[in-house]
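Asks: What follows is upload03.csv, made up of CSV, C-alpha atoms:
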```csv
chain,number,residue,atom,x,y,z
Q,1,MET,CA,99.7,192.2,235.1
Q,2,ASP,CA,100.2,189.3,237.5
Q,3,ALA,CA,98.0,186.3,237.6
Q,4,MET,CA,94.5,186.9,239.1
Q,5,PRO,CA,92.9,184.1,241.1
Q,6,GLY,CA,89.1,183.7,241.4
Q,7,GLY,CA,86.4,181.2,242.2
Q,8,CYS,CA,82.8,180.5,242.9
Q,9,THR,CA,80.7,181.3,245.9
Q,10,CYS,CA,81.1,178.0,247.7
Q,11,GLY,CA,84.8,177.6,246.9
Q,12,ALA,CA,84.5,174.3,245.1
Q,13,VAL,CA,85.9,175.8,241.8
Q,14,ARG,CA,89.0,177.9,241.9
Q,15,TYR,CA,90.8,179.3,238.8
Q,16,ARG,CA,93.6,181.7,237.8
Q,17,MET,CA,93.7,184.2,235.0
Q,18,HIS,CA,97.2,184.5,233.7
Q,19,GLY,CA,97.9,188.0,232.7
Q,20,ALA,CA,95.8,191.0,231.7
Q,21,PRO,CA,92.6,190.5,229.7
Q,22,MET,CA,92.4,191.7,226.1
Q,23,PHE,CA,89.4,193.9,226.8
Q,24,VAL,CA,86.8,194.4,229.6
Q,25,HIS,CA,83.1,194.8,228.8
Q,26,CYS,CA,80.3,196.1,231.0
Q,27,CYS,CA,77.2,194.7,229.4
Q,28,HIS,CA,73.8,196.2,230.1
Q,29,CYS,CA,71.7,193.9,227.9
Q,30,THR,CA,68.5,192.4,229.2
Q,31,LYS,CA,69.9,188.8,229.0
Q,32,CYS,CA,72.9,189.7,231.2
Q,33,GLN,CA,70.5,191.5,233.6
Q,34,THR,CA,68.4,188.4,233.8
Q,35,GLU,CA,71.2,185.9,234.0
Q,36,THR,CA,73.0,187.8,236.8
Q,37,GLY,CA,70.0,189.1,238.6
Q,38,SER,CA,71.7,192.5,238.5
Q,39,ALA,CA,71.9,195.7,236.4
Q,40,PHE,CA,74.8,194.5,234.3
Q,41,VAL,CA,77.7,192.1,234.1
Q,42,ILE,CA,81.4,192.8,233.8
Q,43,ASN,CA,83.4,190.4,231.6
Q,44,ALA,CA,87.1,190.2,231.1
Q,45,LEU,CA,87.8,188.8,227.6
Q,46,ILE,CA,90.9,186.6,227.7
Q,47,GLU,CA,92.3,183.6,225.8
Q,48,ALA,CA,90.9,180.3,227.1
Q,49,ASP,CA,94.5,178.9,227.5
Q,50,ARG,CA,95.2,181.8,230.0
Q,51,VAL,CA,92.5,180.6,232.3
Q,52,GLU,CA,93.7,177.7,234.5
Q,53,VAL,CA,91.3,175.7,236.6
Q,54,LEU,CA,93.0,175.0,239.9
Q,55,SER,CA,90.3,172.9,241.6
Q,56,GLY,CA,86.8,171.6,240.9
Q,57,ALA,CA,85.3,171.0,237.5
Q,58,PRO,CA,83.1,173.7,236.1
Q,59,GLU,CA,80.1,172.5,234.0
Q,60,SER,CA,78.7,174.2,230.9
Q,61,VAL,CA,75.2,175.3,230.5
Q,62,MET,CA,73.9,176.5,227.1
Q,63,THR,CA,71.6,179.6,227.3
Q,64,PRO,CA,69.5,181.4,224.7
Q,65,THR,CA,70.7,184.7,223.2
Q,66,GLU,CA,68.9,187.4,221.2
Q,67,SER,CA,71.1,186.6,218.2
Q,68,GLY,CA,70.4,182.9,218.3
Q,69,ARG,CA,74.2,182.2,218.4
Q,70,PRO,CA,75.4,179.8,221.1
Q,71,HIS,CA,76.1,181.1,224.6
Q,72,GLU,CA,77.9,178.6,226.9
Q,73,ILE,CA,78.2,179.6,230.5
Q,74,TRP,CA,80.6,177.6,232.7
Q,75,ARG,CA,79.3,177.3,236.3
Q,76,CYS,CA,80.3,175.6,239.6
Q,77,PRO,CA,78.3,172.4,239.7
Q,78,LEU,CA,77.5,172.9,243.4
Q,79,CYS,CA,76.6,176.6,243.9
Q,80,TRP,CA,76.0,177.4,240.1
Q,81,THR,CA,78.0,180.6,240.2
Q,82,ALA,CA,78.7,181.7,236.6
Q,83,LEU,CA,82.5,181.8,236.2
Q,84,TRP,CA,83.0,182.5,232.5
Q,85,SER,CA,81.2,182.2,229.1
Q,86,SER,CA,82.0,181.7,225.5
Q,87,TYR,CA,79.8,183.3,222.8
Q,88,GLY,CA,79.1,182.2,219.3
Q,89,GLY,CA,80.9,178.9,219.6
Q,90,ARG,CA,84.2,180.7,220.0
Q,91,THR,CA,85.6,178.7,222.9
Q,92,ALA,CA,89.1,180.0,222.4
Q,93,ILE,CA,88.1,183.2,224.2
Q,94,ARG,CA,86.5,183.3,227.6
Q,95,PHE,CA,84.4,186.1,229.0
Q,96,VAL,CA,85.5,185.8,232.7
Q,97,ARG,CA,83.0,187.2,235.2
Q,98,VAL,CA,85.1,189.9,236.9
Q,99,GLY,CA,83.0,189.6,240.0
Q,100,THR,CA,84.3,186.1,240.6
Q,101,LEU,CA,87.9,187.3,240.8
Q,102,ASP,CA,89.4,187.5,244.3
Q,103,GLU,CA,90.2,191.2,243.6
Q,104,PRO,CA,87.5,192.4,241.1
Q,105,GLY,CA,88.5,196.0,241.6
Q,106,ARG,CA,91.7,195.4,239.7
Q,107,LEU,CA,89.8,195.5,236.4
Q,108,THR,CA,87.6,198.3,235.2
Q,109,PRO,CA,85.4,198.4,232.0
Q,110,ASP,CA,87.0,199.5,228.8
Q,111,ILE,CA,83.5,199.9,227.3
Q,112,HIS,CA,79.8,199.8,228.2
Q,113,ILE,CA,77.8,197.9,225.7
Q,114,TYR,CA,74.0,197.5,225.1
Q,115,THR,CA,73.3,200.7,227.0
Q,116,ARG,CA,70.0,201.0,225.1
Q,117,SER,CA,68.7,198.6,227.9
Q,118,LYS,CA,70.7,200.1,230.7
Q,119,LEU,CA,68.6,200.6,233.8
Q,120,PRO,CA,67.7,204.3,234.2
Q,121,TRP,CA,69.4,204.8,237.5
Q,122,VAL,CA,72.8,203.5,236.4
Q,123,ARG,CA,75.2,206.3,235.7
Q,124,LEU,CA,78.0,205.6,233.3
Q,125,PRO,CA,81.5,207.0,234.0
Q,126,GLU,CA,82.8,209.8,231.9
Q,127,GLY,CA,85.7,209.0,229.6
Q,128,VAL,CA,84.7,205.4,229.0
Q,129,PRO,CA,83.2,204.5,225.6
Q,130,ALA,CA,79.5,203.6,225.7
Q,131,VAL,CA,77.4,202.2,222.8
Q,132,GLU,CA,73.8,201.4,222.4
Q,133,ALA,CA,74.4,197.8,221.1
Q,134,TYR,CA,77.7,196.2,220.2
Q,135,TYR,CA,80.7,197.7,218.5
Q,136,GLU,CA,83.5,197.0,216.1
Q,137,PRO,CA,86.3,195.6,218.3
Q,138,ARG,CA,89.0,196.4,215.8
Q,139,GLU,CA,88.2,200.1,216.2
Q,140,LEU,CA,88.5,200.2,220.0
Q,141,TRP,CA,90.7,197.5,221.1
Q,142,PRO,CA,94.4,198.3,221.7
Q,143,LYS,CA,96.6,196.8,218.8
Q,144,GLU,CA,98.2,194.3,221.1
Q,145,SER,CA,94.9,193.0,222.3
Q,146,TRP,CA,93.6,192.8,218.7
Q,147,ALA,CA,96.6,190.7,217.8
Q,148,ARG,CA,96.0,188.4,220.7
Q,149,ARG,CA,92.3,188.0,219.6
Q,150,VAL,CA,93.3,187.2,216.0
Q,151,ALA,CA,95.9,184.6,217.3
Q,152,ALA,CA,93.4,183.0,219.6
Q,153,LEU,CA,90.7,182.7,217.0
Q,154,GLY,CA,93.0,181.6,214.2
```
Step by step, read the file and then write its structure as structure tokens.
Replies:
Amino acid sequence: MDAMPGGCTCGAVRYRMHGAPMFVHCCHCTKCQTETGSAFVINALIEADRVEVLSGAPESVMTPTESGRPHEIWRCPLCWTALWSSYGGRTAIRFVRVGTLDEPGRLTPDIHIYTRSKLPWVRLPEGVPAVEAYYEPRELWPKESWARRVAALG
């Protein structure tokens, strides 16, 4: 997969994802609903060193989580668009907000997570795994993606 550029609403921050993500989540948890002001968020999980900032300087904001583990969201300092996150202090992997890509339609979810809090009018696509909470990544990720994850996390 080619590089995928993206950026914030105001254009102050531009970035490029180099290559395909390891896995794509569509998260329906209540925290994601609140943080996005929407029904869910779609995150492309990719190694941090494969996300190149082209212009601007995203700022990190720590937000609370149900688990109590750190959740750091990187935002444009001008328009505050959320560009990517890191969870649990694992900064080697970024959860890039697919909606900030110039062509968000290039990526589709590999899984729907936290469907226990999915809004009742959201219809999940057939053939895509869906779980009530989280899942065991090793069981669902392609082998190549799992190897990339292991290499990124050390």
Asks: Using all atoms listed in the file, which residues sit within 7 Å of Gly56 of chain Q once same-chain residues fewer than 4 positions away are excluded, as a short mmCIF file (atom, residue, chain, number, x, y, z; two decimals) with C-alpha atoms, in the frame of the given file?
Replies:
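Full text of out37.cif as output:
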```
data_model
loop_
_atom_site.label_atom_id
_atom_site.label_comp_id
_atom_site.auth_asym_id
_atom_site.auth_seq_id
_atom_site.Cartn_x
_atom_site.Cartn_y
_atom_site.Cartn_z
CA ALA Q 12 84.50 174.30 245.10
CA VAL Q 13 85.90 175.80 241.80
CA ARG Q 14 89.00 177.90 241.90
#
```
Asks: Smallest atom-to-atom distance to Ser86 of chain Q: which of Q:Gly105, Q:Pro70, Q:Gly99, Q:Pro142, using only C-alpha atoms?
Replies: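 Ranking Q:Gly105, Q:Pro70, Q:Gly99, Q:Pro142 by distance to Ser86 of chain Q, first place goes to Q:Pro70.
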Asks: Kindly give the distance, in Å, that separates atom CA of Arg138 of chain Q and atom CA of Glu126 of chain Q, rounded to a single decimal.
Replies: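 These atoms are spaced 21.8 Å apart.
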Asks: Excluding same-chain residues fewer than 3 positions from Arg97 of chain Q, what lies within 7 Å of it counting all atoms listed in the file, as an MDAnalysis selection string?
Replies: chainID Q and resid 42:44 83:84 100
Asks: Can those selected residues be exported to a file as an mmCIF file, keeping the file's coordinate frame so that it contains C-alpha atoms?
Replies:
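The resulting part.cif:
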```
data_model
loop_
_atom_site.group_PDB
_atom_site.id
_atom_site.type_symbol
_atom_site.label_atom_id
_atom_site.label_comp_id
_atom_site.auth_asym_id
_atom_site.auth_seq_id
_atom_site.Cartn_x
_atom_site.Cartn_y
_atom_site.Cartn_z
ATOM 1 C CA ILE Q 42 81.400 192.800 233.800
ATOM 2 C CA ASN Q 43 83.400 190.400 231.600
ATOM 3 C CA ALA Q 44 87.100 190.200 231.100
ATOM 4 C CA LEU Q 83 82.500 181.800 236.200
ATOM 5 C CA TRP Q 84 83.000 182.500 232.500
ATOM 6 C CA THR Q 100 84.300 186.100 240.600
#
```
Asks: Could you check the closest approach to Ala152 of chain Q for each of Q:Asp2, Q:Asp110, Q:Glu35, Q:Glu47 and tell me which residue wins, using all atoms listed in the file?
Replies: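 Comparing Q:Asp2, Q:Asp110, Q:Glu35, Q:Glu47 against Ala152 of chain Q, the winner is Q:Glu47.
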Asks: So which residues are close to (84.4, 177.6, 242.3), meaning at most 10 Å away in the file's coordinates with all atoms listed in the file counted, and can you show them as a list in words?
Replies: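 Residues close enough to count: Gly6, Gly7, Cys8, Thr9, Cys10, Gly11, Ala12, Val13, Arg14, Tyr15, Val53, Leu54, Ser55, Gly56, Ala57, Pro58, Arg75, Cys76, Pro77, Leu78, Cys79, Trp80, Thr81, Ala82, Leu83 and Thr100 of chain Q.
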Asks: Taking all atoms listed in the file into account, name the residue in Q:Phe95, Q:Ile46, Q:Gly89, Q:Leu101 that is nearest to Met4 of chain Q.
Replies: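 Closest to Met4 of chain Q of all the choices is Q:Leu101.
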Asks: Taking into account all atoms listed in the file, which residue in the set Q:Ser145, Q:His28, Q:Asp102, Q:Ile113 is nearest to Phe40 of chain Q?
Replies: Q:His28
Asks: Counting all atoms listed in the file, which of Q:Val24, Q:Ala151, Q:Val128, Q:Ala39 gets nearest to Val96 of chain Q?
Replies: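 For Val96 of chain Q, the nearest of the given residues is Q:Val24.
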Asks: Ranking Q:Val51, Q:Val131, Q:Met62, Q:Met1 by minimum distance to Thr115 of chain Q and counting only C-alpha atoms, which one comes first?
Replies: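 Closest residue, counting only C-alpha atoms: Q:Val131.
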